[in-house]
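Asks: The file below is entry33.cif, mmCIF, C-alpha atoms:
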```cif
data_data
#
loop_
_atom_site.label_atom_id
_atom_site.label_comp_id
_atom_site.auth_asym_id
_atom_site.auth_seq_id
_atom_site.Cartn_x
_atom_site.Cartn_y
_atom_site.Cartn_z
CA MET W 1 54.15 183.81 -107.67
CA ASP W 2 53.26 180.98 -105.33
CA LEU W 3 54.09 177.37 -106.12
CA ALA W 4 50.49 176.25 -106.71
CA HIS W 5 49.91 179.07 -109.21
CA HIS W 6 53.13 178.20 -111.07
CA ARG W 7 52.15 174.55 -111.10
CA TRP W 8 48.73 175.15 -112.66
CA ARG W 9 50.11 177.72 -115.09
CA SER W 10 52.69 175.24 -116.37
CA ALA W 11 49.97 172.59 -116.81
CA ALA W 12 47.71 175.00 -118.71
CA LEU W 13 50.56 176.19 -120.93
CA TYR W 14 51.62 172.63 -121.69
CA ILE W 15 48.11 171.44 -122.55
CA GLY W 16 47.41 174.61 -124.52
CA ALA W 17 50.62 174.34 -126.52
CA VAL W 18 49.96 170.71 -127.48
CA VAL W 19 46.41 171.56 -128.56
CA LEU W 20 47.62 174.65 -130.45
CA VAL W 21 50.12 172.59 -132.44
CA ASN W 22 47.61 169.87 -133.29
CA VAL W 23 44.78 172.22 -134.25
CA GLY W 24 47.17 174.54 -136.07
CA PHE W 25 48.72 171.72 -138.05
CA SER W 26 45.24 170.39 -138.91
CA LEU W 27 43.93 173.76 -140.10
CA ASN W 28 47.12 175.12 -141.67
CA PRO W 29 49.48 172.28 -142.62
CA GLU W 30 51.37 174.59 -144.98
CA LEU W 31 52.73 176.32 -141.86
CA ASP W 32 54.54 173.13 -140.85
CA TRP W 33 57.70 175.16 -140.12
CA LEU W 34 55.78 177.24 -137.55
CA TRP W 35 54.23 174.21 -135.86
CA SER W 36 57.67 172.58 -135.74
CA LEU W 37 59.03 175.62 -133.92
CA VAL W 38 56.16 175.53 -131.44
CA VAL W 39 56.70 171.81 -130.81
CA GLY W 40 60.32 172.58 -129.91
CA GLY W 41 58.99 174.80 -127.17
CA VAL W 42 56.48 172.14 -126.13
CA LEU W 43 59.25 169.60 -125.53
CA VAL W 44 61.00 172.05 -123.22
CA LEU W 45 57.72 173.12 -121.62
CA ARG W 46 57.19 169.44 -120.84
CA ASP W 47 60.39 169.49 -118.77
CA VAL W 48 59.26 172.61 -116.93
CA THR W 49 55.88 171.00 -116.27
CA GLN W 50 57.54 167.78 -115.11
CA ARG W 51 59.39 169.75 -112.44
CA SER W 52 56.13 170.52 -110.69
CA TRP W 53 53.87 167.68 -111.86
CA GLY W 54 56.31 164.77 -111.92
CA HIS W 55 54.97 161.61 -113.55
CA ARG W 56 51.48 163.13 -113.74
CA THR W 57 52.73 165.05 -116.77
CA LEU W 58 51.62 161.97 -118.72
CA VAL W 59 48.06 162.61 -117.56
CA LEU W 60 48.33 166.20 -118.77
CA MET W 61 49.55 164.91 -122.13
CA LEU W 62 46.54 162.57 -122.36
CA ILE W 63 44.20 165.46 -121.57
CA ALA W 64 45.84 167.48 -124.35
CA ALA W 65 45.49 164.52 -126.71
CA ALA W 66 41.78 164.15 -125.90
CA ILE W 67 41.13 167.85 -126.52
CA SER W 68 43.17 167.69 -129.72
CA TYR W 69 41.23 164.66 -130.91
CA ARG W 70 38.02 166.63 -130.50
CA LEU W 71 39.26 169.88 -132.08
CA ALA W 72 41.85 168.76 -134.63
CA SER W 73 42.15 166.07 -137.25
CA PRO W 74 41.76 162.73 -135.42
CA GLN W 75 44.65 161.21 -137.43
CA LEU W 76 46.98 164.08 -136.49
CA ALA W 77 45.81 164.02 -132.88
CA LEU W 78 46.48 160.27 -132.61
CA ALA W 79 49.87 160.62 -134.33
CA SER W 80 50.73 163.46 -131.99
CA ALA W 81 49.60 161.54 -128.91
CA ALA W 82 51.61 158.46 -129.87
CA ALA W 83 54.71 160.52 -130.68
CA PHE W 84 54.39 162.53 -127.47
CA LEU W 85 53.86 159.37 -125.40
CA VAL W 86 57.02 157.74 -126.76
CA SER W 87 59.10 160.92 -126.56
CA GLU W 88 57.60 161.72 -123.15
CA THR W 89 58.81 158.32 -121.91
CA LEU W 90 62.32 159.03 -123.24
CA ASP W 91 62.19 162.54 -121.81
CA TRP W 92 61.01 161.24 -118.45
CA ALA W 93 63.86 158.72 -118.33
CA VAL W 94 66.49 161.34 -119.14
CA TYR W 95 64.97 163.90 -116.80
CA THR W 96 64.50 161.45 -113.92
CA LEU W 97 67.62 159.31 -114.20
CA THR W 98 70.18 162.02 -114.79
CA LYS W 99 71.03 164.11 -111.81
CA ARG W 100 72.41 166.99 -113.84
CA PRO W 101 71.31 170.62 -113.35
CA PHE W 102 67.91 171.46 -114.87
CA ALA W 103 69.37 173.29 -117.91
CA ASP W 104 71.50 170.24 -118.78
CA ARG W 105 68.54 167.89 -118.42
CA VAL W 106 66.43 170.10 -120.70
CA LEU W 107 69.06 170.05 -123.44
CA LEU W 108 69.80 166.34 -123.13
CA SER W 109 66.14 165.31 -123.03
CA VAL W 110 65.30 167.42 -126.10
CA ALA W 111 68.33 166.05 -127.99
CA ILE W 112 67.14 162.50 -127.33
CA SER W 113 63.37 162.91 -127.62
CA ALA W 114 63.17 165.39 -130.54
CA PRO W 115 64.28 163.06 -133.36
CA VAL W 116 62.05 160.26 -132.08
CA ASP W 117 59.07 162.57 -131.64
CA THR W 118 59.54 164.11 -135.09
CA ALA W 119 60.00 160.85 -136.97
CA LEU W 120 57.16 159.04 -135.24
CA PHE W 121 54.71 161.92 -135.72
CA LEU W 122 55.52 162.32 -139.41
CA LEU W 123 55.28 158.58 -140.04
CA LEU W 124 52.01 158.10 -138.15
CA ALA W 125 50.44 161.22 -139.68
CA ASN W 126 51.46 159.84 -143.09
CA ILE W 127 53.32 163.02 -144.02
CA TRP W 128 56.94 161.81 -143.87
CA SER W 129 59.58 163.76 -145.75
CA TRP W 130 63.24 164.31 -144.99
CA SER W 131 62.74 168.07 -145.27
CA LEU W 132 59.95 168.04 -142.66
CA PHE W 133 62.03 165.76 -140.44
CA GLY W 134 65.04 168.09 -140.70
CA LEU W 135 62.90 171.15 -140.08
CA GLY W 136 61.07 169.60 -137.14
CA PHE W 137 64.12 168.14 -135.49
CA GLY W 138 66.18 171.28 -136.10
CA ALA W 139 63.48 173.56 -134.70
CA LYS W 140 63.01 171.39 -131.62
CA LEU W 141 66.74 171.20 -130.99
CA ALA W 142 67.14 174.96 -131.50
CA ALA W 143 64.33 175.65 -129.03
CA GLY W 144 65.96 173.27 -126.56
CA VAL W 145 69.35 174.99 -126.89
CA VAL W 146 67.90 178.49 -126.49
CA LEU W 147 65.76 177.58 -123.49
CA SER W 148 68.55 175.58 -121.89
CA LEU W 149 70.81 178.63 -122.16
CA LEU W 150 68.09 180.81 -120.62
CA PHE W 151 67.66 178.36 -117.73
CA ARG W 152 71.42 178.20 -117.28
CA ARG W 153 71.65 182.00 -117.17
CA ARG W 154 68.78 182.24 -114.67
CA ALA W 155 70.43 179.63 -112.42
CA ALA W 156 73.76 181.49 -112.42
#
```
Output the structure of this file as structure tokens.

Replies:
Amino acid sequence: MDLAHHRWRSAALYIGAVVLVNVGFSLNPELDWLWSLVVGGVLVLRDVTQRSWGHRTLVLMLIAAAISYRLASPQLALASAAAFLVSETLDWAVYTLTKRPFADRVLLSVAISAPVDTALFLLLANIWSWSLFGLGFGAKLAAGVVLSLLFRRRAA
């Protein structure tokens, strides 16, 4: 697969995953555990996308937020956009400032951004509970660990 194709595929997957989570959560909030698992993958997908898009990943996130606002609950879309923007900034800092191998940066950035992303989203969406926070943070961290291990294995 050529680099341009990989680049656009990562952008489409990232935008699609953010929209899927927001629309899914809006239509089926009782599946919060599922959406939390998907968000864990989104945080890692953001790192993959940042490899080829750099700082323009923020633009992709804003595109996803705009689509989500149109298709999902506006309150959830705004909560998601704010949480992603803050966690994206943390993720960007970890990803950019650390010079560790990619698998290490994925794990570190998820460990730092996941609790912030989870708490901010739940607070702004007005659905805070410790159980949802634990589920969301745990799912995101688990996804980060699994994908970091896969990236580490592929690099070896």

Asks: Neighbours of Ala114 in chain W within 9 Å (all atoms listed in the file; same-chain residues fewer than 4 positions away dropped), as a ChimeraX atom specification?

Replies: /W:40,43,87,109-110,118-119,136-138,140-141

Asks: Using the chain letters and numbers from the file, which residues does the PyMOL selection byres ((chain W and resi 96) around 10) grab, as a list in words?

Replies: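 So the PyMOL selection byres ((chain W and resi 96) around 10) ends up selecting Gln50, Arg51, Gly54, His55, Leu90, Asp91, Trp92, Ala93, Val94, Tyr95, Leu97, Thr98, Lys99, Arg100 and Arg105 of chain W.
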
Asks: Show which residues sit within 9 Å of Trp53 in chain W, as a list in words. Count all atoms listed in the file, and ignore same-chain residues fewer than 5 positions away.

Replies: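 Those residues are Arg7, Ser10, Ala11, Val48 and Leu60 of chain W.
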
Asks: Within 12 Å of Pro74 in chain W, counting only C-alpha atoms, which residues show up once you throw out same-chain ones fewer than 5 positions away? Write them as a list in words, please.

Replies: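 Using only C-alpha atoms, the neighbours found are Asn22, Val23, Phe25, Ser26, Ala65, Ala66, Ile67, Ser68, Tyr69, Ala79, Ser80, Ala81, Leu124 and Ala125 of chain W.
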
Asks: Between CA of Glu30 in chain W and CA of Leu120 in chain W, what is the distance, to one decimal in Å?

Replies: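 A separation of 19.2 Å between them.
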
Asks: Calculate how many Å separate CA of Trp130 in chain W from CA of Val116 in chain W, rounding to one decimal.

Replies: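 Spanning CA of Trp130 in chain W to CA of Val116 in chain W is a straight-line distance of 13.6 Å.
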
Asks: Let me make sure I understand: among W:Phe102, W:Leu3, W:Val18, W:Ala12, which one has the smallest atom-to-atom distance to Val39 in chain W if we use only C-alpha atoms?

Replies: W:Val18

Asks: Calculated over all atoms listed in the file, which of the candidates W:Leu107, W:Ala155, W:Val21, W:Ala77 has the smallest distance to Trp33 in chain W?

Replies: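 Ranking W:Leu107, W:Ala155, W:Val21, W:Ala77 by distance to Trp33 in chain W, first place goes to W:Val21.
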
Asks: Find the distance between CA of Leu108 in chain W and CA of Ser148 in chain W and write it in Å to one decimal.

Replies: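 CA of Ser148 in chain W lies at a distance of 9.4 Å from CA of Leu108 in chain W.
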
Asks: Need the shell around Leu13 in chain W: protein/DNA/RNA residues with any atom at most 12 Å away, counting all atoms listed in the file. Skip same-chain ones fewer than 3 positions apart. Format as a list in words?

Replies: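 Residues near the query, excluding close chain neighbours: His6, Arg7, Trp8, Arg9, Ser10, Gly16, Ala17, Val18, Val19, Leu20, Val38, Gly41, Val42, Leu43, Val44, Leu45, Arg46, Val48, Thr49, Leu60, Met61 and Ala64 of chain W.
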
Asks: Counting only C-alpha atoms, figure out which residue out of W:Asp32, W:Leu150, W:Ala82, W:Val59 gets nearest to Trp128 in chain W.

Replies: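 So, comparing all the options, the nearest one is W:Asp32.
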
Asks: Here is a test: counting all atoms listed in the file, which residue of W:Ile63, W:Leu27, W:Ile15, W:Leu76 is nearest to Ile127 in chain W?

Replies: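 Counting all atoms listed in the file, the residue closest to Ile127 in chain W is W:Leu76.
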
Asks: Can you fill out range 61-77 of chain W with N, CA, C and O atoms and hand it back as a tab-separated table (two decimals), keeping the file's coordinate frame?

Replies:
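See out-v1.tsv below for the written result:
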```tsv
chain	number	residue	atom	x	y	z
W	61	MET	N	49.39	165.18	-120.70
W	61	MET	CA	49.55	164.91	-122.13
W	61	MET	C	48.31	164.20	-122.68
W	61	MET	O	47.84	164.50	-123.77
W	62	LEU	N	47.75	163.28	-121.91
W	62	LEU	CA	46.54	162.57	-122.36
W	62	LEU	C	45.34	163.51	-122.43
W	62	LEU	O	44.51	163.40	-123.34
W	63	ILE	N	45.26	164.45	-121.51
W	63	ILE	CA	44.20	165.46	-121.57
W	63	ILE	C	44.35	166.29	-122.84
W	63	ILE	O	43.38	166.53	-123.57
W	64	ALA	N	45.58	166.71	-123.13
W	64	ALA	CA	45.84	167.48	-124.35
W	64	ALA	C	45.50	166.67	-125.59
W	64	ALA	O	44.93	167.20	-126.56
W	65	ALA	N	45.80	165.39	-125.57
W	65	ALA	CA	45.49	164.52	-126.71
W	65	ALA	C	43.98	164.39	-126.90
W	65	ALA	O	43.48	164.42	-128.04
W	66	ALA	N	43.24	164.27	-125.81
W	66	ALA	CA	41.78	164.15	-125.90
W	66	ALA	C	41.16	165.43	-126.47
W	66	ALA	O	40.28	165.38	-127.33
W	67	ILE	N	41.63	166.57	-126.00
W	67	ILE	CA	41.13	167.85	-126.52
W	67	ILE	C	41.50	167.98	-127.99
W	67	ILE	O	40.68	168.39	-128.82
W	68	SER	N	42.72	167.62	-128.33
W	68	SER	CA	43.17	167.69	-129.72
W	68	SER	C	42.34	166.78	-130.62
W	68	SER	O	42.01	167.15	-131.74
W	69	TYR	N	42.02	165.60	-130.12
W	69	TYR	CA	41.23	164.66	-130.91
W	69	TYR	C	39.86	165.27	-131.25
W	69	TYR	O	39.35	165.08	-132.34
W	70	ARG	N	39.34	166.01	-130.31
W	70	ARG	CA	38.02	166.63	-130.50
W	70	ARG	C	38.10	167.84	-131.43
W	70	ARG	O	37.20	168.06	-132.23
W	71	LEU	N	39.18	168.62	-131.34
W	71	LEU	CA	39.26	169.88	-132.08
W	71	LEU	C	40.06	169.80	-133.38
W	71	LEU	O	39.86	170.62	-134.27
W	72	ALA	N	40.95	168.85	-133.47
W	72	ALA	CA	41.85	168.76	-134.63
W	72	ALA	C	41.49	167.53	-135.46
W	72	ALA	O	40.54	166.83	-135.18
W	73	SER	N	42.29	167.28	-136.45
W	73	SER	CA	42.15	166.07	-137.25
W	73	SER	C	42.43	164.87	-136.35
W	73	SER	O	43.49	164.82	-135.70
W	74	PRO	N	41.51	163.90	-136.28
W	74	PRO	CA	41.76	162.73	-135.42
W	74	PRO	C	43.07	162.01	-135.76
W	74	PRO	O	43.78	161.58	-134.86
W	75	GLN	N	43.40	161.89	-137.05
W	75	GLN	CA	44.65	161.21	-137.43
W	75	GLN	C	45.86	161.97	-136.88
W	75	GLN	O	46.78	161.36	-136.33
W	76	LEU	N	45.86	163.30	-137.01
W	76	LEU	CA	46.98	164.08	-136.49
W	76	LEU	C	47.02	164.02	-134.97
W	76	LEU	O	48.10	163.94	-134.37
W	77	ALA	N	45.85	164.07	-134.34
W	77	ALA	CA	45.81	164.02	-132.88
W	77	ALA	C	46.34	162.68	-132.36
W	77	ALA	O	47.11	162.64	-131.39
```
